[in-house]
$ cat protein.json   # JSON, C-alpha atoms
[["chain", "number", "residue", "atom", "x", "y", "z"],
["A", 96, "MET", "CA", 31.20, 49.43, 141.36],
["A", 97, "ILE", "CA", 32.84, 50.38, 144.67],
["A", 98, "ALA", "CA", 30.99, 50.28, 147.99],
["A", 99, "VAL", "CA", 32.64, 51.24, 151.29],
["A", 100, "GLU", "CA", 30.69, 50.64, 154.49],
["A", 101, "GLN", "CA", 31.80, 52.06, 157.85],
["A", 102, "LEU", "CA", 35.46, 51.38, 157.10],
["A", 103, "THR", "CA", 37.71, 51.81, 160.14],
["A", 104, "LYS", "CA", 41.46, 51.27, 160.44],
["A", 105, "ILE", "CA", 43.31, 51.66, 163.74],
["A", 106, "TYR", "CA", 47.12, 51.61, 164.13],
["A", 107, "GLY", "CA", 47.90, 51.24, 167.82],
["A", 108, "ARG", "CA", 46.29, 54.31, 169.39],
["A", 109, "ARG", "CA", 45.85, 56.19, 166.12],
["A", 110, "THR", "CA", 42.64, 55.96, 164.11],
["A", 111, "ALA", "CA", 43.57, 56.32, 160.43],
["A", 112, "LEU", "CA", 40.01, 55.74, 159.17],
["A", 113, "ASP", "CA", 36.90, 56.44, 161.22],
["A", 114, "ALA", "CA", 33.71, 54.81, 159.87],
["A", 115, "VAL", "CA", 34.31, 55.90, 156.25],
["A", 116, "SER", "CA", 31.44, 55.20, 153.82],
["A", 117, "PHE", "CA", 30.98, 56.08, 150.14],
["A", 118, "GLU", "CA", 29.97, 54.56, 146.80],
["A", 119, "VAL", "CA", 31.31, 54.93, 143.27],
["A", 120, "PRO", "CA", 28.92, 53.90, 140.46],
["A", 121, "ARG", "CA", 30.17, 52.20, 137.30],
["A", 122, "GLY", "CA", 31.96, 54.43, 134.80],
["A", 123, "GLU", "CA", 32.55, 57.37, 137.16],
["A", 124, "ILE", "CA", 35.83, 59.16, 137.86],
["A", 125, "PHE", "CA", 35.91, 59.67, 141.63],
["A", 126, "GLY", "CA", 38.29, 62.26, 143.05],
["A", 127, "PHE", "CA", 39.47, 61.34, 146.55],
["A", 128, "VAL", "CA", 40.58, 64.59, 148.17],
["A", 129, "GLY", "CA", 42.31, 65.21, 151.48],
["A", 130, "PRO", "CA", 45.48, 66.57, 153.10],
["A", 131, "ASN", "CA", 48.49, 64.38, 153.86],
["A", 132, "GLY", "CA", 47.63, 61.87, 156.55],
["A", 133, "ALA", "CA", 43.88, 62.15, 155.95],
["A", 134, "GLY", "CA", 43.48, 58.43, 155.19],
["A", 135, "LYS", "CA", 43.44, 58.39, 151.38],
["A", 136, "THR", "CA", 46.25, 55.89, 150.83],
["A", 137, "THR", "CA", 45.01, 53.65, 153.65],
["A", 138, "THR", "CA", 41.57, 53.54, 152.01],
["A", 139, "LEU", "CA", 43.04, 52.71, 148.60],
["A", 140, "ARG", "CA", 45.22, 49.94, 150.01],
["A", 141, "ILE", "CA", 42.21, 48.37, 151.71],
["A", 142, "LEU", "CA", 40.21, 48.61, 148.46],
["A", 143, "ALA", "CA", 43.13, 46.95, 146.64],
["A", 144, "ALA", "CA", 42.98, 44.06, 149.15],
["A", 145, "LEU", "CA", 46.53, 44.85, 150.27],
["A", 146, "MET", "CA", 45.50, 45.70, 153.84],
["A", 147, "GLU", "CA", 42.68, 44.54, 156.07],
["A", 148, "PRO", "CA", 40.40, 47.02, 157.84],
["A", 149, "THR", "CA", 39.96, 46.92, 161.61],
["A", 150, "THR", "CA", 36.19, 46.99, 161.12],
["A", 151, "GLY", "CA", 33.81, 47.70, 158.26],
["A", 152, "ARG", "CA", 33.46, 46.24, 154.77],
["A", 153, "ALA", "CA", 34.38, 47.21, 151.23],
["A", 154, "PHE", "CA", 33.42, 45.75, 147.87],
["A", 155, "VAL", "CA", 34.92, 46.08, 144.39],
["A", 156, "ASP", "CA", 32.57, 45.03, 141.58],
["A", 157, "GLY", "CA", 30.70, 42.86, 144.09],
["A", 158, "ALA", "CA", 33.80, 41.16, 145.55],
["A", 159, "ASP", "CA", 34.48, 41.55, 149.28],
["A", 160, "VAL", "CA", 38.02, 42.90, 149.71],
["A", 161, "THR", "CA", 38.58, 40.91, 152.91],
["A", 162, "MET", "CA", 36.88, 37.63, 152.03],
["A", 163, "GLN", "CA", 37.61, 37.52, 148.27],
["A", 164, "PRO", "CA", 41.00, 39.23, 147.68],
["A", 165, "ASP", "CA", 41.82, 37.14, 144.59],
["A", 166, "ARG", "CA", 38.59, 38.21, 142.88],
["A", 167, "VAL", "CA", 39.33, 41.83, 143.81],
["A", 168, "HIS", "CA", 42.82, 41.58, 142.24],
["A", 169, "GLU", "CA", 41.26, 40.28, 139.03],
["A", 170, "ARG", "CA", 38.85, 43.21, 138.79],
["A", 171, "LEU", "CA", 41.12, 46.00, 139.95],
["A", 172, "GLY", "CA", 44.27, 47.79, 138.81],
["A", 173, "TYR", "CA", 46.24, 49.69, 141.48],
["A", 174, "MET", "CA", 48.77, 52.42, 140.76],
["A", 175, "PRO", "CA", 50.52, 53.33, 144.05],
["A", 176, "ASP", "CA", 52.20, 56.65, 144.78],
["A", 177, "PHE", "CA", 55.66, 55.16, 144.15],
["A", 178, "PHE", "CA", 57.04, 53.75, 140.91],
["A", 179, "GLY", "CA", 58.12, 50.22, 141.82],
["A", 180, "VAL", "CA", 59.79, 49.76, 138.44],
["A", 181, "TYR", "CA", 62.56, 47.38, 137.39],
["A", 182, "ASP", "CA", 65.10, 49.80, 135.98],
["A", 183, "GLN", "CA", 67.08, 47.36, 133.84],
["A", 184, "LEU", "CA", 64.05, 46.32, 131.77],
["A", 185, "THR", "CA", 62.83, 48.09, 128.67],
["A", 186, "SER", "CA", 59.30, 49.49, 128.66],
["A", 187, "ALA", "CA", 58.03, 46.53, 126.62],
["A", 188, "GLU", "CA", 59.80, 43.99, 128.83],
["A", 189, "TYR", "CA", 58.37, 45.67, 131.92],
["A", 190, "LEU", "CA", 54.77, 45.34, 130.72],
["A", 191, "ASP", "CA", 55.35, 41.81, 129.44],
["A", 192, "PHE", "CA", 56.68, 40.83, 132.89],
["A", 193, "TYR", "CA", 53.59, 42.14, 134.67],
["A", 194, "ALA", "CA", 51.26, 40.60, 132.10],
["A", 195, "ALA", "CA", 52.92, 37.26, 132.88],
["A", 196, "CYS", "CA", 52.43, 37.92, 136.62],
["A", 197, "TYR", "CA", 48.71, 38.26, 135.91],
["A", 198, "ARG", "CA", 48.80, 34.94, 134.01],
["A", 199, "GLN", "CA", 48.07, 36.44, 130.62],
["A", 200, "PRO", "CA", 48.73, 33.84, 127.89],
["A", 201, "ARG", "CA", 52.13, 34.19, 126.22],
["A", 202, "ALA", "CA", 50.45, 34.44, 122.78],
["A", 203, "ARG", "CA", 48.49, 37.52, 123.90],
["A", 204, "ARG", "CA", 51.18, 39.33, 125.85],
["A", 205, "LYS", "CA", 52.78, 41.06, 122.85],
["A", 206, "LYS", "CA", 49.43, 42.48, 121.74],
["A", 207, "ILE", "CA", 48.63, 43.57, 125.30],
["A", 208, "THR", "CA", 52.02, 45.30, 125.51],
["A", 209, "ASP", "CA", 51.69, 46.97, 122.11],
["A", 210, "ASP", "CA", 48.14, 48.17, 122.81],
["A", 211, "LEU", "CA", 49.01, 49.60, 126.22],
["A", 212, "LEU", "CA", 52.14, 51.36, 124.98],
["A", 213, "GLU", "CA", 50.01, 52.97, 122.27],
["A", 214, "LEU", "CA", 47.31, 53.94, 124.77],
["A", 215, "VAL", "CA", 49.76, 55.79, 127.05],
["A", 216, "GLY", "CA", 51.79, 57.24, 124.18],
["A", 217, "LEU", "CA", 54.96, 55.20, 124.69],
["A", 218, "SER", "CA", 55.10, 53.15, 121.49],
["A", 219, "ASP", "CA", 58.28, 54.94, 120.45],
["A", 220, "ARG", "CA", 59.86, 54.13, 123.85],
["A", 221, "ARG", "CA", 59.17, 50.39, 123.85],
["A", 222, "ASP", "CA", 62.88, 49.50, 123.64],
["A", 223, "GLN", "CA", 64.07, 52.25, 125.99],
["A", 224, "ALA", "CA", 65.31, 51.26, 129.45],
["A", 225, "VAL", "CA", 62.91, 52.22, 132.21],
["A", 226, "ASP", "CA", 65.60, 53.99, 134.25],
["A", 227, "THR", "CA", 66.19, 56.45, 131.39],
["A", 228, "LEU", "CA", 62.55, 57.58, 131.22],
["A", 229, "SER", "CA", 61.46, 60.91, 132.66],
["A", 230, "ARG", "CA", 59.17, 60.97, 135.69],
["A", 231, "GLY", "CA", 56.15, 61.74, 133.53],
["A", 232, "LEU", "CA", 56.89, 58.82, 131.20],
["A", 233, "LYS", "CA", 57.42, 56.49, 134.16],
["A", 234, "GLN", "CA", 54.02, 57.54, 135.50],
["A", 235, "ARG", "CA", 52.44, 56.64, 132.17],
["A", 236, "LEU", "CA", 54.22, 53.29, 132.17],
["A", 237, "CYS", "CA", 53.02, 52.55, 135.70],
["A", 238, "LEU", "CA", 49.47, 53.36, 134.61],
["A", 239, "ALA", "CA", 49.88, 50.91, 131.71],
["A", 240, "ARG", "CA", 51.12, 48.30, 134.21],
["A", 241, "ALA", "CA", 47.86, 48.65, 136.16],
["A", 242, "LEU", "CA", 45.95, 47.83, 132.96],
["A", 243, "VAL", "CA", 47.70, 44.64, 131.83],
["A", 244, "HIS", "CA", 44.82, 42.41, 132.99],
["A", 245, "ASP", "CA", 42.10, 44.76, 131.68],
["A", 246, "PRO", "CA", 40.57, 45.57, 135.08],
["A", 247, "ALA", "CA", 37.14, 47.18, 135.43],
["A", 248, "VAL", "CA", 38.31, 49.44, 138.28],
["A", 249, "LEU", "CA", 41.43, 51.61, 138.60],
["A", 250, "LEU", "CA", 42.80, 53.00, 141.87],
["A", 251, "LEU", "CA", 45.35, 55.75, 141.23],
["A", 252, "ASP", "CA", 47.22, 57.20, 144.21],
["A", 253, "GLU", "CA", 48.50, 60.70, 143.32],
["A", 254, "PRO", "CA", 49.03, 59.89, 139.60],
["A", 255, "ALA", "CA", 50.00, 63.48, 138.75],
["A", 256, "SER", "CA", 52.35, 64.02, 141.70],
["A", 257, "GLY", "CA", 55.56, 65.74, 140.60],
["A", 258, "LEU", "CA", 54.51, 66.08, 136.98],
["A", 259, "ASP", "CA", 55.02, 69.27, 134.99],
["A", 260, "PRO", "CA", 51.92, 71.01, 133.54],
["A", 261, "ARG", "CA", 52.21, 69.35, 130.10],
["A", 262, "ALA", "CA", 52.60, 65.88, 131.63],
["A", 263, "ARG", "CA", 49.55, 66.50, 133.85],
["A", 264, "VAL", "CA", 47.46, 67.45, 130.81],
["A", 265, "GLU", "CA", 48.61, 64.32, 128.98],
["A", 266, "MET", "CA", 47.76, 62.15, 131.99],
["A", 267, "ARG", "CA", 44.32, 63.76, 132.22],
["A", 268, "GLU", "CA", 43.60, 62.99, 128.56],
["A", 269, "ILE", "CA", 44.61, 59.35, 129.04],
["A", 270, "LEU", "CA", 42.25, 59.03, 132.02],
["A", 271, "LYS", "CA", 39.38, 60.52, 130.03],
["A", 272, "GLU", "CA", 40.02, 57.93, 127.32],
["A", 273, "LEU", "CA", 39.97, 55.16, 129.91],
["A", 274, "GLN", "CA", 36.62, 56.41, 131.17],
["A", 275, "LYS", "CA", 35.26, 56.25, 127.62],
["A", 276, "MET", "CA", 36.41, 52.61, 127.58],
["A", 277, "GLY", "CA", 34.11, 51.95, 130.55],
["A", 278, "LYS", "CA", 36.64, 51.99, 133.39],
["A", 279, "THR", "CA", 35.64, 53.13, 136.87],
["A", 280, "ILE", "CA", 38.46, 55.27, 138.25],
["A", 281, "VAL", "CA", 39.33, 56.49, 141.75],
["A", 282, "ILE", "CA", 42.00, 59.20, 141.87],
["A", 283, "SER", "CA", 43.69, 60.42, 145.03],
["A", 284, "SER", "CA", 45.13, 63.89, 144.43],
["A", 285, "HIS", "CA", 45.98, 67.28, 145.90],
["A", 286, "ILE", "CA", 45.62, 69.11, 142.55],
["A", 287, "LEU", "CA", 42.06, 70.28, 143.13],
["A", 288, "PRO", "CA", 41.42, 72.47, 140.05],
["A", 289, "GLU", "CA", 42.31, 69.60, 137.73],
["A", 290, "LEU", "CA", 40.03, 67.23, 139.62],
["A", 291, "THR", "CA", 37.15, 69.64, 139.03],
["A", 292, "GLU", "CA", 37.70, 69.32, 135.27],
["A", 293, "LEU", "CA", 38.33, 65.57, 135.27],
["A", 294, "CYS", "CA", 36.17, 63.98, 137.95],
["A", 295, "THR", "CA", 32.45, 63.34, 137.90],
["A", 296, "MET", "CA", 32.29, 62.61, 141.64],
["A", 297, "VAL", "CA", 34.35, 63.63, 144.64],
["A", 298, "GLY", "CA", 34.92, 62.55, 148.22],
["A", 299, "ILE", "CA", 36.53, 64.86, 150.77],
["A", 300, "ILE", "CA", 38.30, 63.13, 153.66],
["A", 301, "ASP", "CA", 40.05, 64.72, 156.62],
["A", 302, "GLN", "CA", 41.45, 63.17, 159.79],
["A", 303, "GLY", "CA", 40.11, 59.79, 158.72],
["A", 304, "ARG", "CA", 36.50, 60.95, 158.31],
["A", 305, "MET", "CA", 34.49, 61.56, 155.15],
["A", 306, "ARG", "CA", 33.37, 65.19, 155.21],
["A", 307, "ALA", "CA", 31.41, 65.20, 151.93],
["A", 308, "THR", "CA", 30.83, 62.95, 148.94],
["A", 309, "GLY", "CA", 28.76, 63.01, 145.76],
["A", 310, "PRO", "CA", 28.74, 64.51, 142.25],
["A", 311, "VAL", "CA", 31.34, 67.29, 142.01],
["A", 312, "LEU", "CA", 28.91, 70.15, 141.33],
["A", 313, "ASP", "CA", 26.53, 68.97, 144.06],
["A", 314, "VAL", "CA", 29.34, 68.94, 146.64],
["A", 315, "ILE", "CA", 30.50, 72.40, 145.57],
["A", 316, "ARG", "CA", 26.96, 73.79, 145.79],
["A", 317, "GLN", "CA", 26.35, 72.09, 149.12],
["A", 318, "LEU", "CA", 29.48, 73.53, 150.71],
["A", 319, "THR", "CA", 29.49, 76.96, 149.05],
["A", 320, "SER", "CA", 25.83, 77.89, 149.36],
["A", 321, "GLY", "CA", 26.34, 81.66, 149.29],
["A", 322, "ARG", "CA", 27.21, 83.58, 146.12],
["A", 323, "ARG", "CA", 30.35, 85.72, 146.15],
["A", 324, "LEU", "CA", 31.46, 89.01, 144.68],
["A", 325, "ARG", "CA", 34.94, 90.41, 144.21],
["A", 326, "ILE", "CA", 34.89, 94.18, 144.53],
["A", 327, "THR", "CA", 37.90, 96.37, 143.75],
["A", 328, "ILE", "CA", 37.85, 99.83, 145.30],
["A", 329, "LEU", "CA", 40.00, 102.88, 144.47],
["A", 330, "GLY", "CA", 41.02, 103.69, 148.02],
["A", 331, "GLN", "CA", 38.16, 104.10, 150.52],
["A", 332, "ARG", "CA", 38.48, 100.47, 151.67],
["A", 333, "GLU", "CA", 37.20, 101.19, 155.18],
["A", 334, "GLU", "CA", 34.36, 103.33, 153.85],
["A", 335, "ALA", "CA", 33.29, 100.56, 151.46],
["A", 336, "VAL", "CA", 33.28, 97.99, 154.26],
["A", 337, "ALA", "CA", 31.19, 100.36, 156.36],
["A", 338, "VAL", "CA", 28.62, 100.51, 153.54],
["A", 339, "LEU", "CA", 28.58, 96.76, 152.87],
["A", 340, "LYS", "CA", 28.57, 95.41, 156.42],
["A", 341, "PRO", "CA", 25.04, 96.58, 157.42],
["A", 342, "LEU", "CA", 23.41, 95.30, 154.21],
["A", 343, "PRO", "CA", 21.04, 92.42, 155.16],
["A", 344, "MET", "CA", 21.97, 90.29, 152.13],
["A", 345, "ILE", "CA", 25.69, 90.28, 153.01],
["A", 346, "HIS", "CA", 26.78, 87.24, 155.08],
["A", 347, "ALA", "CA", 30.56, 87.68, 155.17],
["A", 348, "LEU", "CA", 33.28, 90.08, 154.08],
["A", 349, "SER", "CA", 36.99, 89.49, 153.59],
["A", 350, "ALA", "CA", 39.94, 91.35, 152.09],
["A", 351, "LEU", "CA", 42.02, 89.39, 149.60],
["A", 352, "ASN", "CA", 44.72, 90.52, 147.15],
["A", 353, "GLY", "CA", 43.73, 94.17, 147.35],
["A", 354, "ALA", "CA", 40.02, 93.50, 146.80],
["A", 355, "ILE", "CA", 36.97, 92.93, 148.97],
["A", 356, "GLU", "CA", 35.18, 89.60, 148.72],
["A", 357, "ALA", "CA", 31.55, 89.61, 149.79],
["A", 358, "GLU", "CA", 29.41, 86.51, 150.30],
["A", 359, "TYR", "CA", 25.72, 87.24, 149.84],
["A", 360, "GLU", "CA", 22.36, 85.56, 149.42],
["A", 361, "GLY", "CA", 20.31, 86.47, 146.36],
["A", 362, "ASP", "CA", 20.36, 86.77, 142.60],
["A", 363, "ASP", "CA", 21.77, 89.16, 139.97],
["A", 364, "ALA", "CA", 19.31, 91.87, 141.07],
["A", 365, "THR", "CA", 20.74, 91.56, 144.59],
["A", 366, "ALA", "CA", 24.27, 92.02, 143.22],
["A", 367, "ALA", "CA", 23.10, 95.11, 141.33],
["A", 368, "ALA", "CA", 21.63, 96.50, 144.56],
["A", 369, "ILE", "CA", 24.97, 96.00, 146.33],
["A", 370, "LEU", "CA", 26.77, 97.89, 143.57],
["A", 371, "GLN", "CA", 24.17, 100.67, 143.70],
["A", 372, "ALA", "CA", 24.64, 101.02, 147.48],
["A", 373, "LEU", "CA", 28.37, 101.50, 147.00],
["A", 374, "THR", "CA", 28.10, 104.05, 144.20],
["A", 375, "ALA", "CA", 25.33, 105.95, 146.03],
["A", 376, "ALA", "CA", 27.73, 106.34, 148.95],
["A", 377, "GLY", "CA", 30.34, 107.83, 146.63],
["A", 378, "ILE", "CA", 32.60, 104.75, 146.66],
["A", 379, "LYS", "CA", 34.74, 104.50, 143.52],
["A", 380, "VAL", "CA", 34.32, 100.91, 142.29],
["A", 381, "SER", "CA", 36.86, 99.87, 139.64],
["A", 382, "GLY", "CA", 36.00, 96.16, 139.57],
["A", 383, "PHE", "CA", 32.84, 94.20, 140.38],
["A", 384, "SER", "CA", 32.54, 90.52, 139.42],
["A", 385, "GLN", "CA", 30.91, 87.27, 140.46],
["A", 386, "LEU", "CA", 33.12, 84.51, 141.87],
["A", 387, "GLU", "CA", 32.25, 80.89, 141.18],
["A", 388, "GLY", "CA", 32.84, 78.50, 144.07],
["A", 389, "GLY", "CA", 35.21, 75.69, 143.16],
["A", 390, "LEU", "CA", 36.50, 72.45, 144.63],
["A", 391, "GLU", "CA", 39.25, 74.24, 146.57],
["A", 392, "ASP", "CA", 36.67, 76.43, 148.27],
["A", 393, "ALA", "CA", 34.45, 73.42, 148.99],
["A", 394, "PHE", "CA", 37.44, 71.55, 150.44],
["A", 395, "MET", "CA", 38.30, 74.43, 152.76],
["A", 396, "ARG", "CA", 34.69, 74.68, 153.93],
["A", 397, "ALA", "CA", 34.44, 70.92, 154.52],
["A", 398, "THR", "CA", 37.58, 70.79, 156.65],
["A", 399, "GLU", "CA", 37.63, 74.14, 158.42],
["A", 400, "ASP", "CA", 35.44, 72.95, 161.31],
["A", 401, "ALA", "CA", 37.01, 69.51, 161.59],
["A", 402, "PRO", "CA", 37.83, 68.56, 165.19]]
$ encode --input "protein.json" --output "structure tokens"
Amino acid sequence: MIAVEQLTKIYGRRTALDAVSFEVPRGEIFGFVGPNGAGKTTTLRILAALMEPTTGRAFVDGADVTMQPDRVHERLGYMPDFFGVYDQLTSAEYLDFYAACYRQPRARRKKITDDLLELVGLSDRRDQAVDTLSRGLKQRLCLARALVHDPAVLLLDEPASGLDPRARVEMREILKELQKMGKTIVISSHILPELTELCTMVGIIDQGRMRATGPVLDVIRQLTSGRRLRITILGQREEAVAVLKPLPMIHALSALNGAIEAEYEGDDATAAAILQALTAAGIKVSGFSQLEGGLEDAFMRATEDAP
């Protein structure tokens, strides 16, 4: 549904995107992850046919973003990281205005507005002025705006930015519903734990370069190959480290929040052997648990060696 091929964007002497390539199949939710200035927004603007790349190509549902921008606009809904609302309009008037901009027939615009307000949970706010809505409600309205022409692809730039926990959960449920409706969704975000729950695929970008891309679990496994243990010791921290460090299955040790984290290669029997080595040395172990690698860990691994 989305294909990006060696996309490069240069501003003066600064390279914002450096030969970025990735694909998003139909019906996937793709999490686009990276620090500020990594190139996420530049990539989304190019995909939305709002900016031309310096070199490279990108396609949205088969339409070339440079050669066929009008076809891209028909197939794609873009929600930028700023509101861009007309404060004096009501919620219903706001959606009706944008539906008219997308040349939706007047006879259909009321149904489009009603359906979208229901989808994003704003039916009871249809006659409320946009400037009186909370940030979370404005975000929902902006998402509805991106859907007025029923696009196959959605590009959402930081859709949960600044939202409280309840509003983020509500936004996540709306996006899951849109996926069930067959939409292909690209989400740029810094909220990594939520992306793990929501997204089916992920791309990690840093300093304009793609560091990893693919199904979420595959990327996590690829970048966090070793298994990890969290070990809590009653005192004897140095003695415990002295026992663990020489063990051949241990790859790395670190101290975090009063505990020892050990990365090792092996299975549950290997973990049991590590615990046995500690207890045999007289180390008092009060906590011993497996740690699952997550998207945050994968992100740190993908970007820690970046030039």
$ closest_residue --input "protein.json" --among "A:Ala307, A:Ile355, A:Ala187, A:Ile280" --to "Cys294 of chain A" --atoms "only C-alpha atoms"
A:Ile280
$ closest_residue --input "protein.json" --among "A:Gly277, A:Pro288, A:Gly216, A:Pro246" --to "Arg166 of chain A" --atoms "only C-alpha atoms"
A:Pro246
$ residues_around --input "protein.json" --residues "Pro120 of chain A" --least-positions-apart "3" --cutoff "9 Å" --atoms "only C-alpha atoms" --output "number ranges by chain"
A: 96-98, 123, 279
$ residues_around --input "protein.json" --residues "Gly309 of chain A" --least-positions-apart "2" --cutoff "12 Å" --atoms "all atoms listed in the file" --output "list in words"
Ser116, Phe117, Glu118, Val119, Pro120, Glu123, Ile124, Phe125, Gly126, Phe127, Cys294, Thr295, Met296, Val297, Gly298, Ile299, Met305, Arg306, Ala307, Val311, Leu312, Asp313, Val314, Ile315, Arg316, Gln317 and Leu318 of chain A
$ residues_around --input "protein.json" --residues "segment 357-365 of chain A" --least-positions-apart "2" --cutoff "9 Å" --atoms "all atoms listed in the file" --output "MDAnalysis selection string"
chainID A and resid 320:326 339 343:350 355 367:370
$ residues_around --input "protein.json" --residues "Asp191 of chain A" --least-positions-apart "5" --cutoff "9 Å" --atoms "only C-alpha atoms" --output "MDAnalysis selection string"
chainID A and resid 186 196 201 204:205 207:208 243
$ axis_aligned_box --input "protein.json" --around "segment 255-266 of chain A" --padding-each-side "5 Å" --output "JSON"
{"center_x": 51.5, "center_y": 66.6, "center_z": 135.3, "size_x": 18.1, "size_y": 18.9, "size_z": 22.7}
$ closest_residue --input "protein.json" --among "A:Gln302, A:Ile282, A:Pro341, A:Pro260" --to "Arg109 of chain A" --atoms "all atoms listed in the file"
A:Gln302
$ residues_around --input "protein.json" --residues "Tyr193 of chain A" --least-positions-apart "5" --cutoff "10 Å" --atoms "all atoms listed in the file" --output "list of chain:residue names"
A:Glu188, A:Arg198, A:Gln199, A:Arg204, A:Thr208, A:Ala239, A:Arg240, A:Ala241, A:Leu242, A:Val243, A:His244
$ atom_distance --input "protein.json" --atom1 "atom CA of Ala366 of chain A" --atom2 "atom CA of Ala397 of chain A"
26.0 Å
$ atom_distance --input "protein.json" --atom1 "atom CA of Glu268 of chain A" --atom2 "atom CA of Glu213 of chain A"
13.5 Å
$ decode --input "protein.json" --residues "segment 132-147 of chain A" --atoms "N, CA and C atoms" --output "CSV table (one decimal), in the first residue's frame"
chain,number,residue,atom,x,y,z
A,132,GLY,N,13.6,15.4,15.0
A,132,GLY,CA,14.6,15.7,14.0
A,132,GLY,C,15.1,14.5,13.2
A,133,ALA,N,14.5,13.3,13.4
A,133,ALA,CA,15.0,12.1,12.8
A,133,ALA,C,14.6,12.0,11.3
A,134,GLY,N,13.5,12.7,10.9
A,134,GLY,CA,13.1,12.7,9.6
A,134,GLY,C,11.7,12.1,9.4
A,135,LYS,N,11.0,11.9,10.5
A,135,LYS,CA,9.6,11.4,10.4
A,135,LYS,C,8.7,12.3,9.7
A,136,THR,N,8.6,13.5,10.1
A,136,THR,CA,7.6,14.5,9.5
A,136,THR,C,8.0,14.7,8.1
A,137,THR,N,9.2,14.8,7.8
A,137,THR,CA,9.6,15.0,6.4
A,137,THR,C,9.2,13.9,5.5
A,138,THR,N,9.3,12.7,6.0
A,138,THR,CA,8.9,11.5,5.3
A,138,THR,C,7.4,11.5,5.0
A,139,LEU,N,6.6,11.8,6.1
A,139,LEU,CA,5.1,11.9,6.0
A,139,LEU,C,4.7,13.0,5.0
A,140,ARG,N,5.3,14.1,5.0
A,140,ARG,CA,5.0,15.2,4.1
A,140,ARG,C,5.2,14.8,2.7
A,141,ILE,N,6.3,14.1,2.4
A,141,ILE,CA,6.6,13.6,1.1
A,141,ILE,C,5.5,12.6,0.7
A,142,LEU,N,5.2,11.6,1.6
A,142,LEU,CA,4.2,10.6,1.3
A,142,LEU,C,2.8,11.3,1.0
A,143,ALA,N,2.6,12.4,1.6
A,143,ALA,CA,1.3,13.1,1.5
A,143,ALA,C,1.3,14.0,0.2
A,144,ALA,N,2.4,14.0,-0.5
A,144,ALA,CA,2.6,14.8,-1.8
A,144,ALA,C,2.5,16.3,-1.4
A,145,LEU,N,3.0,16.7,-0.3
A,145,LEU,CA,3.1,18.1,0.1
A,145,LEU,C,4.5,18.6,0.0
A,146,MET,N,5.5,17.7,-0.3
A,146,MET,CA,6.9,18.1,-0.4
A,146,MET,C,7.5,17.1,-1.4
A,147,GLU,N,8.4,17.6,-2.2
A,147,GLU,CA,9.1,16.7,-3.2
A,147,GLU,C,10.4,16.3,-2.6
